[in-house]
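**Q** Got protein-v9.cif for you, mmCIF, C-alpha atoms and all ligand atoms:
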data_final
#
loop_
_atom_site.label_atom_id
_atom_site.label_comp_id
_atom_site.auth_asym_id
_atom_site.auth_seq_id
_atom_site.Cartn_x
_atom_site.Cartn_y
_atom_site.Cartn_z
CA MET A 1 -32.51 31.14 16.64
CA PRO A 2 -29.97 29.25 14.55
CA ALA A 3 -28.46 32.52 13.24
CA VAL A 4 -25.84 32.98 15.94
CA PRO A 5 -24.12 29.59 15.80
CA ARG A 6 -24.39 29.59 12.01
CA LEU A 7 -22.73 32.99 11.80
CA GLY A 8 -19.93 31.57 13.88
CA LEU A 9 -19.71 28.75 11.39
CA VAL A 10 -19.53 31.21 8.50
CA VAL A 11 -16.64 33.08 10.09
CA ALA A 12 -14.87 29.87 11.00
CA ALA A 13 -15.37 28.48 7.52
CA LEU A 14 -14.13 31.61 5.80
CA ALA A 15 -11.20 31.89 8.20
CA ALA A 16 -10.28 28.31 7.35
CA ILE A 17 -10.56 29.01 3.63
CA VAL A 18 -8.51 32.20 3.87
CA GLY A 19 -5.94 30.24 5.87
CA THR A 20 -5.51 27.84 2.96
CA GLY A 21 -4.74 30.67 0.54
CA LEU A 22 -7.73 29.69 -1.58
CA VAL A 23 -9.23 33.13 -0.99
CA ALA A 24 -7.29 36.38 -0.99
CA PRO A 25 -6.96 38.14 2.41
CA ALA A 26 -9.16 41.00 1.17
CA ALA A 27 -12.10 38.59 1.20
CA GLN A 28 -11.94 38.48 5.02
CA ALA A 29 -14.11 41.62 5.05
CA ALA A 30 -16.82 39.88 3.05
CA PRO A 31 -18.74 37.94 5.77
CA GLU A 32 -19.71 41.04 7.79
CA ALA A 33 -20.75 42.94 4.68
CA VAL A 34 -22.88 40.08 3.42
CA VAL A 35 -24.59 39.04 6.66
CA ARG A 36 -25.74 42.60 7.49
CA GLU A 37 -28.23 42.22 4.67
CA ASP A 38 -30.94 39.90 5.98
CA SER A 39 -32.02 38.94 2.48
CA GLY A 40 -28.56 37.67 1.62
CA GLU A 41 -27.84 35.96 4.94
CA ALA A 42 -29.27 32.53 4.23
CA GLU A 43 -27.51 32.36 0.88
CA ALA A 44 -24.20 33.48 2.40
CA VAL A 45 -24.51 30.86 5.13
CA ALA A 46 -25.28 28.16 2.57
CA GLN A 47 -22.31 29.17 0.44
CA ALA A 48 -19.97 29.22 3.42
CA VAL A 49 -21.18 25.83 4.59
CA ALA A 50 -20.68 24.43 1.09
CA LEU A 51 -17.16 25.87 0.97
CA ALA A 52 -16.38 24.44 4.41
CA GLU A 53 -17.57 21.03 3.23
CA GLN A 54 -15.39 21.28 0.11
CA LEU A 55 -12.43 22.25 2.27
CA ALA A 56 -12.99 19.28 4.60
CA GLU A 57 -13.19 16.98 1.58
CA ARG A 58 -9.94 18.39 0.16
CA GLN A 59 -8.14 17.97 3.48
CA HIS A 60 -9.34 14.38 3.70
CA SER A 61 -8.19 13.78 0.12
CA LEU A 62 -4.78 15.24 0.97
CA ALA A 63 -4.41 12.97 4.00
CA THR A 64 -5.38 9.99 1.87
CA LEU A 65 -2.83 11.02 -0.79
CA ASN A 66 -0.09 11.33 1.85
CA GLN A 67 -0.82 7.85 3.14
CA ALA A 68 -0.84 6.49 -0.38
CA ALA A 69 2.46 8.24 -1.15
CA ASP A 70 4.06 6.63 1.90
CA ALA A 71 2.78 3.22 0.84
CA ARG A 72 3.98 3.86 -2.75
CA ASP A 73 7.44 4.81 -1.46
CA ARG A 74 7.67 1.46 0.27
CA ALA A 75 6.26 -0.32 -2.77
CA LEU A 76 8.70 1.47 -5.09
CA ILE A 77 11.81 0.54 -3.18
CA GLY A 78 10.28 -2.89 -2.72
CA TYR A 79 9.71 -5.12 0.27
CA ARG A 80 13.23 -6.53 0.03
CA ALA A 81 14.70 -3.01 0.35
CA VAL A 82 12.41 -2.15 3.26
CA LEU A 83 13.65 -5.27 5.05
CA ALA A 84 17.26 -4.35 4.19
CA ARG A 85 16.69 -0.90 5.68
CA TYR A 86 15.99 -2.70 8.96
CA GLY A 87 18.92 -5.07 8.83
CA TYR A 88 17.58 -8.13 7.00
CA ASP A 89 19.25 -9.03 3.69
CA GLY A 90 17.90 -12.51 3.09
CA ASP A 91 14.95 -14.06 1.34
CA PRO A 92 11.84 -11.97 2.12
CA ASP A 93 9.76 -15.14 2.37
CA ALA A 94 12.01 -16.45 5.15
CA VAL A 95 12.20 -13.31 7.30
CA ARG A 96 11.53 -13.85 11.00
CA ALA A 97 12.58 -10.48 12.44
CA VAL A 98 14.14 -7.13 11.65
CA LEU A 99 15.95 -4.51 13.71
CA PRO A 100 13.70 -2.02 15.54
CA LEU A 101 15.17 1.03 13.83
CA ALA A 102 17.19 1.83 10.72
CA SER A 103 19.78 4.30 12.01
CA TYR A 104 21.39 4.07 15.45
CA ASP A 105 24.54 3.63 17.54
CA LEU A 106 24.66 0.86 20.09
CA SER A 107 25.07 2.28 23.57
CA ALA A 108 24.51 0.66 26.98
CA GLY A 109 24.35 -3.11 26.76
CA PHE A 110 22.37 -5.72 28.65
CA GLY A 111 23.31 -6.67 32.21
CA LEU A 112 25.29 -3.56 33.10
CA THR A 113 25.02 -2.16 36.59
CA GLY A 114 25.38 1.47 37.49
CA PRO A 115 23.73 4.56 38.90
CA LEU A 116 21.30 4.87 35.98
CA TRP A 117 19.54 1.60 36.74
CA GLU A 118 17.82 0.35 39.87
CA ALA A 119 19.10 -3.15 39.17
CA GLU A 120 20.90 -4.69 36.20
CA HIS A 121 20.24 -2.99 32.88
CA GLY A 122 17.46 -5.16 31.45
CA GLY A 123 17.78 -4.22 27.80
CA GLN A 124 19.94 -2.94 24.97
CA ASP A 125 20.13 0.78 24.29
CA PHE A 126 20.13 2.12 20.74
CA SER A 127 21.17 5.76 20.64
CA ALA A 128 19.31 7.55 17.83
CA TYR A 129 17.86 10.84 16.72
CA ALA A 130 14.67 11.91 18.45
CA GLY A 131 11.79 11.12 16.12
CA GLU A 132 13.55 8.23 14.36
CA PRO A 133 10.80 5.75 13.43
CA LEU A 134 10.53 2.56 15.47
CA VAL A 135 9.19 -0.47 13.65
CA ALA A 136 7.72 -3.80 14.65
CA VAL A 137 10.59 -6.32 14.76
CA ALA A 138 8.13 -9.04 13.77
CA ASP A 139 4.44 -9.63 13.21
CA GLY A 140 2.59 -9.41 16.50
CA THR A 141 0.00 -7.74 18.69
CA VAL A 142 0.41 -4.47 20.54
CA THR A 143 -0.52 -5.40 24.10
CA GLU A 144 0.26 -2.14 25.90
CA VAL A 145 0.94 1.52 25.12
CA ALA A 146 1.45 3.54 28.31
CA TYR A 147 3.78 5.66 30.38
CA ALA A 148 5.65 3.30 32.67
CA GLY A 149 7.73 5.26 35.19
CA PRO A 150 11.45 5.00 34.43
CA TYR A 151 10.69 3.35 31.06
CA GLY A 152 8.86 6.45 29.85
CA LEU A 153 6.36 5.96 27.04
CA ARG A 154 6.51 2.22 26.47
CA THR A 155 4.93 0.02 23.80
CA ILE A 156 4.82 -3.71 24.39
CA LEU A 157 4.67 -5.85 21.26
CA THR A 158 3.75 -9.47 21.94
CA LEU A 159 4.85 -11.97 19.32
CA PRO A 160 2.90 -15.13 18.44
CA ASP A 161 5.23 -17.28 20.60
CA GLY A 162 4.50 -15.12 23.67
CA THR A 163 7.76 -13.16 23.59
CA GLU A 164 7.33 -9.55 24.69
CA VAL A 165 9.35 -6.83 22.99
CA TRP A 166 9.47 -3.57 24.94
CA TYR A 167 10.08 -0.24 23.22
CA CYS A 168 10.88 2.35 25.92
CA HIS A 169 11.47 6.12 26.19
CA GLN A 170 9.40 6.88 23.05
CA THR A 171 8.40 10.43 22.25
CA ASP A 172 5.13 9.32 20.67
CA THR A 173 3.30 6.27 19.47
CA SER A 174 1.32 5.43 16.35
CA VAL A 175 -0.41 2.28 17.61
CA VAL A 176 -2.95 1.34 20.27
CA ALA A 177 -3.27 -1.67 22.54
CA GLY A 178 -4.99 -4.55 20.82
CA GLN A 179 -3.73 -3.59 17.37
CA GLN A 180 -2.22 -6.22 15.08
CA VAL A 181 0.98 -5.05 13.39
CA GLY A 182 3.12 -6.50 10.65
CA ILE A 183 6.90 -6.71 10.51
CA THR A 184 8.44 -3.27 9.65
CA ASP A 185 5.20 -1.39 10.46
CA VAL A 186 5.99 1.92 12.16
CA ILE A 187 4.80 1.78 15.78
CA GLY A 188 6.27 4.93 17.31
CA SER A 189 9.35 7.10 17.46
CA VAL A 190 12.54 7.50 19.47
CA GLY A 191 12.42 9.88 22.40
CA SER A 192 13.82 10.48 25.86
CA THR A 193 10.82 10.04 28.15
CA GLY A 194 11.23 8.46 31.58
CA ASN A 195 14.65 7.79 33.12
CA SER A 196 16.77 8.78 30.15
CA THR A 197 19.67 11.14 29.56
CA GLY A 198 19.12 11.56 25.81
CA PRO A 199 17.11 10.21 22.86
CA HIS A 200 17.48 6.45 22.59
CA LEU A 201 15.52 3.24 22.34
CA HIS A 202 15.74 0.94 25.35
CA LEU A 203 14.74 -2.42 23.87
CA GLU A 204 13.81 -5.34 26.08
CA VAL A 205 13.06 -8.88 24.99
CA ARG A 206 11.16 -11.06 27.45
CA PRO A 207 10.47 -14.63 26.31
CA ALA A 208 7.11 -15.92 27.57
CA ALA A 209 6.56 -12.48 29.16
CA GLY A 210 9.12 -13.46 31.83
CA SER A 211 12.59 -12.20 32.70
CA PRO A 212 14.50 -10.21 30.09
CA VAL A 213 17.20 -11.79 27.94
CA ASP A 214 19.98 -10.00 26.08
CA PRO A 215 18.28 -8.42 23.03
CA MET A 216 21.54 -8.72 21.08
CA ASP A 217 21.51 -12.52 21.54
CA TRP A 218 17.85 -12.67 20.58
CA LEU A 219 18.30 -10.51 17.45
CA GLN A 220 21.33 -12.57 16.40
CA ALA A 221 19.33 -15.75 16.88
CA GLN A 222 16.87 -14.36 14.31
CA GLY A 223 19.74 -14.06 11.82
CA LEU A 224 20.32 -10.34 12.34
CA ASP A 225 23.59 -8.50 12.96
CA PRO A 226 22.79 -5.41 15.01
ZN ZN A 301 18.40 1.15 28.60
#
Could you render the structure from this file as structure tokens?

**A**
Amino acid sequence: MPAVPRLGLVVAALAAIVGTGLVAPAAQAAPEAVVREDSGEAEAVAQAVALAEQLAERQHSLATLNQAADARDRALIGYRAVLARYGYDGDPDAVRAVLPLASYDLSAGFGLTGPLWEAEHGGQDFSAYAGEPLVAVADGTVTEVAYAGPYGLRTILTLPDGTEVWYCHQTDTSVVAGQQVGITDVIGSVGSTGNSTGPHLHLEVRPAAGSPVDPMDWLQAQGLDP
């Protein structure tokens, strides 16, 4: 008998529609009243399924609009302004790298020793608000997204020359391993996962996937002034 699961679908569909405000709360009583009459049941089910399909289409349209609005925002301010937001003021055609986030305070530097780190501090810390977007510093490939002990949620971006850029302590990620990303693409957001005393980005730069170098030196070598 398909009636039972389909009734569940009717209720779910109407609950979803009521939840959107498309139907007044008084209409919540309607499904029971309608489905008690066998003659009207099939029609009620069909109507509810059609409404649920319309709702799904509208939600998909809304998501598409949101994505388009975000892209339009970037297009409106222009590529040059997007690059400037991330610390690059030069010719857009000559850009090699940008800063990993737009708003931050520099905190612990590279090479420090202390109780927070097992060995020397292997990166540069950027103190920032939790949720601050993190962007790709250059075109590259996401080669890992995973929790990594003291590093917390870490994304590794590998650049075409083999340099690894590590983004650590993230609260969430918006990319997956294997994904190609372009410079300034959002890849995740600032958090405090792993060995961390507050929201910040721990950025590591590892040429040829080897030992870390000072990210400040590397960023400055790309023409940036973090
Ligand atoms: Zn750090």

**Q** Give as a ChimeraX atom specification each residue that has an atom at most 12 Å from (13.5, -15.8, 6.0) in the file, counting all atoms listed in the file.

**A** /A:80,83,88-98,138,222-224

**Q** Mind dumping a table of every chain A residue within 9 Å of ligand ZN 301 (chain A), with the nearest atom pair and its distance in Å to one decimal, using all atoms listed in the file, sorted by chain and rising number, as a tab-separated table?

**A**
residue	atom	partner	partner_atom	distance
A:Ser107	CA	A:ZN301	ZN	8.4
A:Ala108	CA	A:ZN301	ZN	6.3
A:Gly109	CA	A:ZN301	ZN	7.5
A:Phe110	CA	A:ZN301	ZN	7.9
A:Leu116	CA	A:ZN301	ZN	8.8
A:Trp117	CA	A:ZN301	ZN	8.2
A:His121	CA	A:ZN301	ZN	6.2
A:Gly122	CA	A:ZN301	ZN	7.0
A:Gly123	CA	A:ZN301	ZN	5.5
A:Gln124	CA	A:ZN301	ZN	5.7
A:Asp125	CA	A:ZN301	ZN	4.7
A:Phe126	CA	A:ZN301	ZN	8.1
A:Tyr151	CA	A:ZN301	ZN	8.4
A:Cys168	CA	A:ZN301	ZN	8.1
A:His169	CA	A:ZN301	ZN	8.9
A:Asn195	CA	A:ZN301	ZN	8.9
A:Ser196	CA	A:ZN301	ZN	8.0
A:His200	CA	A:ZN301	ZN	8.1
A:Leu201	CA	A:ZN301	ZN	7.2
A:His202	CA	A:ZN301	ZN	4.2
A:Leu203	CA	A:ZN301	ZN	7.0
A:Glu204	CA	A:ZN301	ZN	8.3

**Q** Using only C-alpha atoms, find the one residue out of A:Gly114, A:Gly40, A:Gly178, A:Gly191 that sits nearest to Val145 (chain A).

**A**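 Answer, going by the shortest atom-to-atom distance: A:Gly178.
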
**Q** Of the candidates A:Gly87, A:Pro100, A:Pro160, A:Gly210, which shows the shortest atom-to-atom distance to Gly140 (chain A), using all atoms listed in the file?

**A**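 Residue with the minimum atom-to-atom distance to Gly140 (chain A): A:Pro160.
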
**Q** What does the distance from CA of Asp139 (chain A) to CA of Asp161 (chain A) come to in Å, to one decimal?

**A** 10.7 Å

**Q** In the coordinates of the file, take the point (22.1, -6.6, 19.7) and a cut-off of 8 Å; then, counting all atoms listed in the file, name each qualifying protein, DNA or RNA residue as an MDAnalysis selection string.

**A** chainID A and resid 106 124 214:220 225:226

**Q** Hey, can you check how far CA of Ser103 (chain A) sits from CA of Gln180 (chain A)?

**A**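 Computing it gives 24.6 Å between the two atoms.
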
**Q** Smallest atom-to-atom distance to Gly149 (chain A): which of A:Gly194, A:Pro199, A:Gly182, A:Gly188, using all atoms listed in the file?

**A**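 Closest candidate: A:Gly194.
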